[in-house]
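As provided, structure_16.cif (mmCIF, C-alpha atoms) reads as follows.
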```cif
data_work
#
loop_
_atom_site.label_atom_id
_atom_site.label_comp_id
_atom_site.auth_asym_id
_atom_site.auth_seq_id
_atom_site.Cartn_x
_atom_site.Cartn_y
_atom_site.Cartn_z
CA MET A 1 89.04 82.14 82.29
CA ALA A 2 89.57 80.80 78.84
CA CYS A 3 93.31 81.29 79.12
CA LEU A 4 93.66 78.59 81.75
CA SER A 5 95.22 75.42 80.47
CA ASP A 6 93.10 73.04 82.59
CA GLU A 7 89.70 74.41 83.64
CA SER A 8 88.69 71.17 85.30
CA TRP A 9 91.34 71.40 88.01
CA VAL A 10 89.33 71.51 91.23
CA SER A 11 91.61 73.79 93.27
CA LEU A 12 91.31 76.83 91.02
CA PRO A 13 89.64 79.81 92.71
CA LYS A 14 85.89 79.49 92.74
CA MET A 15 85.40 83.03 91.49
CA LEU A 16 86.80 82.14 88.09
CA SER A 17 84.36 79.30 87.47
CA GLU A 18 81.47 81.43 88.69
CA ARG A 19 82.47 84.15 86.30
CA LEU A 20 82.35 81.76 83.36
CA THR A 21 78.82 80.63 84.19
CA LEU A 22 77.52 84.19 84.46
CA ARG A 23 78.37 84.93 80.86
CA GLY A 24 76.42 83.70 77.87
CA GLY A 25 77.75 80.69 76.02
CA ASP A 26 78.33 82.52 72.74
CA GLN A 27 80.09 85.41 74.41
CA ASN A 28 82.26 83.03 76.38
CA GLU A 29 83.24 81.11 73.25
CA GLU A 30 84.01 84.36 71.44
CA GLU A 31 86.26 85.53 74.29
CA GLU A 32 87.99 82.16 74.33
CA LEU A 33 88.70 82.39 70.61
CA LYS A 34 90.08 85.91 71.05
CA LYS A 35 92.48 84.86 73.81
CA LYS A 36 93.58 81.78 71.90
CA SER A 37 94.22 84.06 68.93
CA PHE A 38 96.29 86.33 71.18
CA VAL A 39 98.42 83.44 72.41
CA GLU A 40 99.00 82.32 68.81
CA SER A 41 99.97 85.85 67.80
CA LYS A 42 102.45 85.98 70.66
CA ARG A 43 103.94 82.69 69.56
CA THR A 44 104.34 84.12 66.08
CA GLN A 45 106.11 87.12 67.59
CA TYR A 46 108.45 84.84 69.56
CA ARG A 47 109.14 82.96 66.35
CA ILE A 48 110.11 86.19 64.60
CA GLU A 49 112.24 87.50 67.47
CA LYS A 50 113.67 84.06 68.34
CA VAL A 51 113.31 84.82 72.04
CA PHE A 52 111.54 87.58 73.91
CA PRO A 53 114.03 90.45 74.26
CA VAL A 54 114.92 89.65 77.85
CA TYR A 55 118.55 90.59 77.36
CA ALA A 56 118.03 93.24 74.70
CA LEU A 57 119.52 96.02 76.80
CA GLY A 58 122.93 94.42 76.56
CA ARG A 59 124.06 95.02 80.13
CA ILE A 60 121.70 92.47 81.65
CA SER A 61 123.57 89.22 82.05
CA LYS A 62 122.12 85.90 80.94
CA PRO A 63 121.20 83.47 83.69
CA GLU A 64 123.74 80.74 84.28
CA SER A 65 121.21 77.92 84.32
CA ASP A 66 120.72 76.17 81.00
CA SER A 67 117.09 75.60 81.92
CA VAL A 68 116.36 79.30 81.60
CA VAL A 69 117.30 79.73 77.95
CA ASN A 70 116.24 77.14 75.42
CA SER A 71 117.73 78.50 72.22
CA GLY A 72 116.66 75.46 70.23
CA ASP A 73 112.98 76.32 70.64
CA PRO A 74 112.02 79.11 68.22
CA ILE A 75 108.98 80.10 70.31
CA ALA A 76 110.64 79.92 73.73
CA ASP A 77 110.08 82.57 76.37
CA PRO A 78 113.06 81.88 78.65
CA ILE A 79 111.73 83.79 81.65
CA TRP A 80 108.34 82.08 81.56
CA ASP A 81 109.97 78.68 81.01
CA ALA A 82 112.09 79.25 84.12
CA VAL A 83 109.08 80.34 86.20
CA LYS A 84 107.09 77.23 85.26
CA GLU A 85 109.98 74.84 85.90
CA GLU A 86 110.71 76.39 89.28
CA ALA A 87 107.04 76.25 90.25
CA LYS A 88 106.92 72.52 89.47
CA LEU A 89 109.99 71.89 91.59
CA GLU A 90 108.59 73.95 94.46
CA ALA A 91 105.30 72.05 94.32
CA GLU A 92 107.23 68.79 94.68
CA LYS A 93 109.23 70.12 97.63
CA GLU A 94 106.23 71.68 99.39
CA PRO A 95 103.04 69.76 98.50
CA ILE A 96 101.03 72.04 100.77
CA LEU A 97 101.68 74.85 98.25
CA SER A 98 100.79 72.81 95.16
CA SER A 99 97.27 74.29 94.84
CA PHE A 100 98.63 77.82 95.23
CA LEU A 101 101.41 77.24 92.70
CA TYR A 102 99.08 75.62 90.18
CA ALA A 103 96.48 78.39 90.40
CA SER A 104 99.12 81.15 90.29
CA ILE A 105 101.49 79.78 87.64
CA MET A 106 101.05 76.33 86.16
CA SER A 107 97.44 76.81 85.07
CA HIS A 108 98.37 79.78 82.86
CA ASP A 109 99.70 79.90 79.31
CA CYS A 110 102.07 82.86 79.56
CA LEU A 111 103.75 85.22 82.01
CA GLU A 112 101.24 87.99 81.30
CA GLN A 113 98.33 85.83 82.44
CA ALA A 114 100.09 84.58 85.55
CA LEU A 115 101.18 88.10 86.53
CA GLY A 116 97.66 89.48 86.08
CA PHE A 117 96.28 86.69 88.27
CA VAL A 118 98.85 87.22 91.02
CA LEU A 119 98.48 91.01 91.07
CA ALA A 120 94.68 90.87 91.05
CA ASN A 121 94.60 88.52 94.02
CA ARG A 122 97.07 90.63 96.00
CA LEU A 123 95.21 93.90 95.40
CA GLN A 124 91.59 92.78 95.63
CA ASN A 125 89.29 94.10 98.32
CA PRO A 126 85.52 93.82 98.95
CA THR A 127 84.72 96.62 96.50
CA LEU A 128 87.45 96.05 93.91
CA LEU A 129 87.13 92.41 92.98
CA ALA A 130 89.89 90.17 91.69
CA THR A 131 87.92 89.46 88.52
CA GLN A 132 87.60 93.18 87.81
CA LEU A 133 91.31 93.72 88.43
CA MET A 134 92.21 90.83 86.14
CA ASP A 135 90.13 92.40 83.38
CA ILE A 136 92.02 95.67 83.85
CA PHE A 137 95.45 94.05 83.87
CA PHE A 138 94.77 91.74 80.93
CA ASN A 139 93.28 94.50 78.77
CA VAL A 140 96.33 96.69 79.31
CA ILE A 141 99.17 94.17 79.32
CA PHE A 142 97.94 92.09 76.37
CA HIS A 143 97.84 95.20 74.19
CA ASP A 144 101.12 96.81 75.27
CA THR A 145 104.30 95.15 74.02
CA GLY A 146 106.35 97.65 76.00
CA ILE A 147 104.89 96.36 79.27
CA GLN A 148 105.32 92.76 78.12
CA ARG A 149 109.01 93.47 77.60
CA SER A 150 109.40 95.41 80.85
CA ILE A 151 107.89 92.76 83.10
CA ARG A 152 110.60 90.36 81.91
CA LEU A 153 113.45 92.84 82.11
CA ASP A 154 112.36 93.83 85.63
CA MET A 155 112.15 90.19 86.69
CA GLN A 156 115.66 89.59 85.37
CA ALA A 157 116.85 92.66 87.29
CA PHE A 158 115.47 91.30 90.57
CA LYS A 159 117.00 87.87 89.94
CA ASP A 160 120.42 89.28 89.02
CA ARG A 161 120.79 92.05 91.60
CA ASP A 162 119.02 90.87 94.75
CA PRO A 163 121.11 88.20 96.51
CA ALA A 164 118.05 87.26 98.60
CA CYS A 165 116.05 86.42 95.48
CA LEU A 166 115.82 82.63 95.22
CA SER A 167 114.25 82.27 91.78
CA TYR A 168 112.23 83.88 89.00
CA CYS A 169 109.21 82.16 90.50
CA SER A 170 109.72 83.90 93.85
CA VAL A 171 109.90 87.29 92.10
CA LEU A 172 106.52 86.71 90.50
CA LEU A 173 104.84 85.37 93.62
CA TYR A 174 106.32 87.21 96.59
CA LEU A 175 108.37 90.35 95.92
CA LYS A 176 106.24 93.43 96.49
CA GLY A 177 108.82 95.71 94.90
CA TYR A 178 108.25 93.84 91.64
CA HIS A 179 104.47 93.76 92.12
CA SER A 180 104.18 97.48 92.82
CA LEU A 181 106.33 98.28 89.80
CA GLN A 182 104.17 96.21 87.43
CA VAL A 183 100.90 97.64 88.75
CA HIS A 184 102.40 101.09 88.24
CA ARG A 185 103.12 100.22 84.61
CA VAL A 186 99.45 99.38 84.12
CA ALA A 187 98.37 102.53 85.98
CA HIS A 188 100.71 104.65 83.86
CA ALA A 189 99.23 103.20 80.67
CA LEU A 190 95.73 104.01 81.93
CA TRP A 191 96.81 107.53 82.90
CA SER A 192 98.22 108.04 79.40
CA GLN A 193 94.88 106.89 77.94
CA GLY A 194 93.04 109.53 79.96
CA ARG A 195 91.60 107.02 82.45
CA LYS A 196 93.02 108.96 85.36
CA VAL A 197 90.46 108.02 88.02
CA LEU A 198 91.13 104.30 87.49
CA ALA A 199 94.89 104.93 87.45
CA LEU A 200 94.67 106.76 90.78
CA ALA A 201 92.57 103.93 92.23
CA LEU A 202 95.37 101.50 91.38
CA GLN A 203 97.95 103.87 92.88
CA SER A 204 95.93 103.95 96.09
CA ARG A 205 95.79 100.16 96.29
CA ILE A 206 99.55 99.88 95.65
CA SER A 207 100.18 102.29 98.51
CA GLU A 208 97.81 100.49 100.87
CA VAL A 209 98.95 96.94 100.13
CA PHE A 210 102.66 97.32 99.33
CA GLY A 211 103.64 100.57 101.07
CA VAL A 212 104.92 101.99 97.77
CA ASP A 213 103.55 105.29 96.45
CA ILE A 214 104.23 105.95 92.77
CA HIS A 215 102.17 108.56 90.96
CA PRO A 216 100.71 107.01 87.79
CA ALA A 217 102.08 109.85 85.66
CA ALA A 218 105.70 109.10 86.66
CA LYS A 219 107.79 107.61 83.85
CA ILE A 220 109.84 104.54 84.73
CA GLY A 221 112.21 102.69 82.40
CA GLU A 222 113.10 99.02 82.02
CA GLY A 223 115.24 96.67 84.07
CA ILE A 224 114.31 98.37 87.36
CA LEU A 225 114.97 97.00 90.83
CA LEU A 226 112.86 98.24 93.76
CA ASP A 227 114.71 96.36 96.46
CA HIS A 228 112.21 95.69 99.28
CA GLY A 229 110.15 98.60 97.98
CA THR A 230 108.84 99.68 101.38
CA GLY A 231 108.54 103.43 101.69
CA VAL A 232 109.46 104.30 98.10
CA VAL A 233 107.77 107.54 96.96
CA ILE A 234 107.98 108.74 93.35
CA GLY A 235 106.29 111.99 92.34
CA GLU A 236 104.16 112.90 89.36
CA THR A 237 106.79 114.39 87.04
CA ALA A 238 109.66 112.13 88.08
CA VAL A 239 111.50 110.17 85.42
CA VAL A 240 113.52 107.02 86.11
CA GLY A 241 115.78 105.69 83.35
CA ASN A 242 116.72 102.12 82.44
CA ARG A 243 118.69 99.73 84.69
CA VAL A 244 118.15 101.85 87.82
CA SER A 245 118.19 100.32 91.31
CA LEU A 246 116.24 101.99 94.12
CA MET A 247 116.56 100.79 97.71
CA HIS A 248 113.79 101.03 100.30
CA GLY A 249 112.68 104.41 101.62
CA VAL A 250 113.81 106.38 98.55
CA THR A 251 111.90 109.59 97.85
CA LEU A 252 111.85 111.33 94.48
CA GLY A 253 109.83 114.33 95.54
CA GLY A 254 109.12 118.01 95.02
CA THR A 255 110.12 120.96 97.15
CA GLY A 256 106.84 122.76 97.67
CA LYS A 257 103.46 123.55 96.15
CA GLU A 258 104.69 124.55 92.72
CA VAL A 259 103.10 122.89 89.73
CA GLY A 260 104.65 121.70 86.49
CA ASP A 261 107.89 119.80 86.09
CA ARG A 262 109.04 119.60 89.70
CA HIS A 263 110.46 116.12 90.40
CA PRO A 264 113.87 114.46 89.91
CA LYS A 265 115.13 112.83 86.73
CA VAL A 266 117.22 109.72 87.39
CA SER A 267 119.44 108.66 84.49
CA ASP A 268 120.30 105.15 83.30
CA GLY A 269 122.32 102.88 85.56
CA ALA A 270 122.04 104.98 88.71
CA LEU A 271 122.00 103.42 92.17
CA ILE A 272 119.98 105.17 94.88
CA GLY A 273 120.72 104.03 98.43
CA ALA A 274 118.25 103.32 101.21
CA SER A 275 116.28 106.29 102.58
CA ALA A 276 117.88 108.73 100.16
CA THR A 277 115.75 111.83 99.58
CA ILE A 278 116.03 113.60 96.22
CA LEU A 279 113.99 116.77 95.88
CA GLY A 280 113.15 119.10 93.04
CA ASN A 281 113.54 119.13 89.28
CA ILE A 282 117.18 118.02 89.38
CA LYS A 283 119.11 115.42 87.45
CA ILE A 284 120.91 112.37 88.79
CA GLY A 285 123.56 111.68 86.16
CA LYS A 286 124.10 108.45 84.29
CA GLY A 287 125.73 105.76 86.41
CA ALA A 288 125.74 107.95 89.54
CA MET A 289 125.44 106.63 93.07
CA VAL A 290 123.57 108.31 95.93
CA ALA A 291 124.63 107.02 99.35
CA ALA A 292 122.05 105.84 101.87
CA GLY A 293 120.39 108.57 103.92
CA SER A 294 121.54 111.41 101.69
CA LEU A 295 119.53 114.56 100.96
CA VAL A 296 120.10 115.59 97.35
CA LEU A 297 119.10 119.13 96.34
CA LYS A 298 121.38 119.74 93.35
CA ASP A 299 122.28 117.95 90.12
CA VAL A 300 124.54 114.94 90.52
CA PRO A 301 127.29 114.51 87.88
CA PRO A 302 127.44 111.26 85.89
CA HIS A 303 129.35 108.37 87.53
CA SER A 304 129.85 110.34 90.74
CA MET A 305 129.20 109.27 94.32
CA VAL A 306 127.35 111.73 96.54
CA ALA A 307 126.67 111.52 100.26
CA GLY A 308 125.61 113.68 103.16
CA ILE A 309 122.96 116.21 104.19
CA PRO A 310 122.98 118.08 101.92
CA ALA A 311 124.70 115.65 99.55
CA LYS A 312 128.10 116.48 98.12
CA VAL A 313 130.35 114.68 95.66
CA ILE A 314 132.76 112.48 97.61
CA GLY A 315 134.25 110.60 94.69
CA TYR A 316 133.58 108.78 91.44
CA VAL A 317 132.59 105.19 90.75
CA ASN A 318 134.46 102.87 88.44
CA GLU A 319 131.45 100.88 87.29
CA GLN A 320 129.58 101.98 84.18
CA ASP A 321 126.30 101.01 85.84
CA PRO A 322 126.63 100.76 89.65
CA SER A 323 122.97 99.74 89.71
CA LEU A 324 124.00 96.35 88.33
CA THR A 325 126.85 95.66 90.76
CA MET A 326 124.86 96.97 93.77
CA LYS A 327 128.10 98.00 95.50
CA HIS A 328 126.80 101.01 97.34
CA ASP A 329 128.97 100.91 100.43
CA ALA A 330 131.81 103.38 100.77
CA THR A 331 134.65 101.32 102.22
CA LYS A 332 137.27 102.49 104.69
CA ASP A 333 139.90 102.51 101.94
CA PHE A 334 137.65 104.67 99.80
CA PHE A 335 137.14 107.28 102.52
CA GLU A 336 140.87 107.31 103.31
CA HIS A 337 141.52 107.98 99.64
CA VAL A 338 138.95 110.82 99.65
CA ALA A 339 140.47 112.25 102.85
CA ASP A 340 143.96 112.24 101.34
CA ASN A 341 142.72 114.02 98.25
CA PHE A 342 140.92 116.55 100.43
CA LYS A 343 144.09 117.25 102.39
CA ASP A 344 146.07 117.62 99.17
CA GLY A 345 143.45 120.01 97.87
CA ARG A 346 143.63 122.14 100.99
CA SER A 347 147.41 122.26 100.81
CA THR A 348 147.28 123.26 97.15
CA GLY A 349 144.57 125.80 97.90
CA GLY A 350 146.70 127.41 100.62
CA GLN A 351 149.64 127.80 98.26
CA GLU A 352 147.42 129.19 95.54
CA SER A 353 145.78 131.71 97.89
CA GLY A 354 149.20 132.86 99.01
CA SER A 355 150.11 133.58 95.41
CA GLY A 356 146.97 135.59 94.85
CA LYS A 357 144.90 132.84 93.23
CA LYS A 358 141.38 131.95 94.35
#
```

Conversion result in structure tokens:
Amino acid sequence: MACLSDESWVSLPKMLSERLTLRGGDQNEEEELKKKSFVESKRTQYRIEKVFPVYALGRISKPESDSVVNSGDPIADPIWDAVKEEAKLEAEKEPILSSFLYASIMSHDCLEQALGFVLANRLQNPTLLATQLMDIFFNVIFHDTGIQRSIRLDMQAFKDRDPACLSYCSVLLYLKGYHSLQVHRVAHALWSQGRKVLALALQSRISEVFGVDIHPAAKIGEGILLDHGTGVVIGETAVVGNRVSLMHGVTLGGTGKEVGDRHPKVSDGALIGASATILGNIKIGKGAMVAAGSLVLKDVPPHSMVAGIPAKVIGYVNEQDPSLTMKHDATKDFFEHVADNFKDGRSTGGQESGSGKK
């Protein structure tokens, strides 16, 4: 690929070099010029915006490490800089992984290229080749600034909210929740372009490889965490807002065979616990929290906590965005407080009923 920084490096996958030789010299040079032009245009964009809008949503905290943000460099991409630096350190610690790290990260010029390479190699099979998948991912991502922004905001979300996440580099290389989310973004773009068969093919591969089933028509915002990702199901007309965290086993599904708008709408900052099932065209309010294992069949008020089968409001959360704090356990003190309020309510209700009020 012309976007690789060092084509002579012997450990790069053989398929890439073979692909170069199959194409005519003039065509290859033309493609190389196009991709170089793209990289230069991106650098110009970075220069205008100072840094890529990694923290543009306001509620996403900056990383503590000074190595992540280099404000003195007008063309810096802080997330990509962090990924490259971490990959170099990992290669020094584990020489056996140096070839893998070079081919996956250090041989590329930008995060978009590295992500396309990683995703293509994870999803390839004998009939859907890595080179074909890379073409698909590059053609979509390089022409969609929204996806370019989202892949960084999502990566920051994983790094900030998942205590098991070691680095930005590990998000890019290993976390299938992140991978499935980014492939969905590409599939959604293809679906919106009318390329529905290709979008469904990508959905099928995501489901097979990662155990995550997201319909390509579903709309998903920025700064999303799919923690673990295993067993997540998101239906065709579902909408997920910004800064939402979804634990494993979450279902955003329909309630039958009806067509049309039939799936949940999850508002900004919501936190959905493990194995929660949310069914129908209902709304999960802004900053709401759904406890693990709950079955939600009705609208959930903003900043409320719901639990149970079927789910009921058991209290309200103090955080503006519980998805960022990831505190989704109801403590003993919390339940004692809810129980006291419940008892007070029953006492008040008894007095009111005695006076004729309902």

Report the distance between CA of Ser170 in chain A and CA of Phe158 in chain A in Å, rounded to one decimal place.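 These atoms are spaced 9.9 Å apart.
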
Picked residues, the PyMOL selection byres ((chain A and resi 172) around 10), as a VMD selection string: chain A and resid 83 104 to 105 111 114 to 115 118 to 119 151 155 167 to 171 173 to 176 178 to 179

Using the chain letters and residue numbers of this document, give as a PyMOL selection string the residues selected by the PyMOL selection byres ((chain A and resi 268) around 8). chain A and resi 240-244+266-267+269-270+285-287+321

Extract, using all atoms listed in the file, all DNA, RNA and protein residues at most 8 Å from range 232-234 of chain A, discarding same-chain residues fewer than 2 positions from it, and format them as a ChimeraX atom specification. /A:211-215,218,229-230,236,238,247-253

Can I get the selected residues back with C-alpha atoms, as a PDB file, in the frame of the given file?
```pdb
ATOM      1  CA  GLY A 211     103.640 100.570 101.070  1.00  0.00           C
ATOM      2  CA  VAL A 212     104.920 101.990  97.770  1.00  0.00           C
ATOM      3  CA  ASP A 213     103.550 105.290  96.450  1.00  0.00           C
ATOM      4  CA  ILE A 214     104.230 105.950  92.770  1.00  0.00           C
ATOM      5  CA  HIS A 215     102.170 108.560  90.960  1.00  0.00           C
ATOM      6  CA  ALA A 218     105.700 109.100  86.660  1.00  0.00           C
ATOM      7  CA  GLY A 229     110.150  98.600  97.980  1.00  0.00           C
ATOM      8  CA  THR A 230     108.840  99.680 101.380  1.00  0.00           C
ATOM      9  CA  GLU A 236     104.160 112.900  89.360  1.00  0.00           C
ATOM     10  CA  ALA A 238     109.660 112.130  88.080  1.00  0.00           C
ATOM     11  CA  MET A 247     116.560 100.790  97.710  1.00  0.00           C
ATOM     12  CA  HIS A 248     113.790 101.030 100.300  1.00  0.00           C
ATOM     13  CA  GLY A 249     112.680 104.410 101.620  1.00  0.00           C
ATOM     14  CA  VAL A 250     113.810 106.380  98.550  1.00  0.00           C
ATOM     15  CA  THR A 251     111.900 109.590  97.850  1.00  0.00           C
ATOM     16  CA  LEU A 252     111.850 111.330  94.480  1.00  0.00           C
ATOM     17  CA  GLY A 253     109.830 114.330  95.540  1.00  0.00           C
TER      18      GLY A 253
END
```

At a cut-off of 6 Å, using all atoms listed in the file, what residues contact Val239 in chain A? Leave out same-chain residues fewer than 2 positions from it and give the result as a compact mmCIF listing (two decimals) with C-alpha atoms, in the frame of the given file.
```
# COMPACT_ATOMS: atom_id res chain seq x y z
CA LYS A 219 107.79 107.61 83.85
CA ILE A 220 109.84 104.54 84.73
CA LYS A 265 115.13 112.83 86.73
```

Please, what distance in Å, to one decimal, runs between CA of Asp162 in chain A and CA of Phe142 in chain A?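 These atoms are spaced 28.0 Å apart.
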
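Separating CA of Asp154 in chain A from CA of Phe117 in chain A is a distance of 17.8 Å.
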
Mind listing as a ChimeraX atom specification all residues within 12 Å of (119.7, 94.9, 87.4), counting all atoms listed in the file? /A:54-55,57-62,152-163,221-227,242-246,268-271,321-326

Starting from the shown file, work through the PyMOL selection byres ((chain A and resi 85) around 10) and note down what comes out as a PyMOL selection string. chain A and resi 67-68+80-84+86-90+105-106+168-169

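Nearest to Pro301 in chain A of all the residues A:Pro264, A:Gly231, A:Gly315, A:Pro95 is A:Gly315, based on only C-alpha atoms.
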
Which protein, DNA or RNA residues are at most 12 Å from (121.4, 118.2, 91.7) in the file's coordinates when you count all atoms listed in the file, listed as a list of chain:residue names?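 Nearby residues: A:His263, A:Pro264, A:Lys265, A:Val266, A:Thr277, A:Ile278, A:Leu279, A:Gly280, A:Asn281, A:Ile282, A:Lys283, A:Ile284, A:Gly285, A:Ala288, A:Val290, A:Leu295, A:Val296, A:Leu297, A:Lys298, A:Asp299, A:Val300, A:Pro301, A:Pro302, A:Ser304, A:Val306, A:Pro310, A:Ala311, A:Lys312, A:Val313.
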
Would you export the selected residues with C-alpha atoms as a PDB file, in the frame of the given file, please?
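part.pdb, written as the output of this step:
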```pdb
ATOM      1  CA  HIS A 263     110.460 116.120  90.400  1.00  0.00           C
ATOM      2  CA  PRO A 264     113.870 114.460  89.910  1.00  0.00           C
ATOM      3  CA  LYS A 265     115.130 112.830  86.730  1.00  0.00           C
ATOM      4  CA  VAL A 266     117.220 109.720  87.390  1.00  0.00           C
ATOM      5  CA  THR A 277     115.750 111.830  99.580  1.00  0.00           C
ATOM      6  CA  ILE A 278     116.030 113.600  96.220  1.00  0.00           C
ATOM      7  CA  LEU A 279     113.990 116.770  95.880  1.00  0.00           C
ATOM      8  CA  GLY A 280     113.150 119.100  93.040  1.00  0.00           C
ATOM      9  CA  ASN A 281     113.540 119.130  89.280  1.00  0.00           C
ATOM     10  CA  ILE A 282     117.180 118.020  89.380  1.00  0.00           C
ATOM     11  CA  LYS A 283     119.110 115.420  87.450  1.00  0.00           C
ATOM     12  CA  ILE A 284     120.910 112.370  88.790  1.00  0.00           C
ATOM     13  CA  GLY A 285     123.560 111.680  86.160  1.00  0.00           C
ATOM     14  CA  ALA A 288     125.740 107.950  89.540  1.00  0.00           C
ATOM     15  CA  VAL A 290     123.570 108.310  95.930  1.00  0.00           C
ATOM     16  CA  LEU A 295     119.530 114.560 100.960  1.00  0.00           C
ATOM     17  CA  VAL A 296     120.100 115.590  97.350  1.00  0.00           C
ATOM     18  CA  LEU A 297     119.100 119.130  96.340  1.00  0.00           C
ATOM     19  CA  LYS A 298     121.380 119.740  93.350  1.00  0.00           C
ATOM     20  CA  ASP A 299     122.280 117.950  90.120  1.00  0.00           C
ATOM     21  CA  VAL A 300     124.540 114.940  90.520  1.00  0.00           C
ATOM     22  CA  PRO A 301     127.290 114.510  87.880  1.00  0.00           C
ATOM     23  CA  PRO A 302     127.440 111.260  85.890  1.00  0.00           C
ATOM     24  CA  SER A 304     129.850 110.340  90.740  1.00  0.00           C
ATOM     25  CA  VAL A 306     127.350 111.730  96.540  1.00  0.00           C
ATOM     26  CA  PRO A 310     122.980 118.080 101.920  1.00  0.00           C
ATOM     27  CA  ALA A 311     124.700 115.650  99.550  1.00  0.00           C
ATOM     28  CA  LYS A 312     128.100 116.480  98.120  1.00  0.00           C
ATOM     29  CA  VAL A 313     130.350 114.680  95.660  1.00  0.00           C
TER      30      VAL A 313
END
```
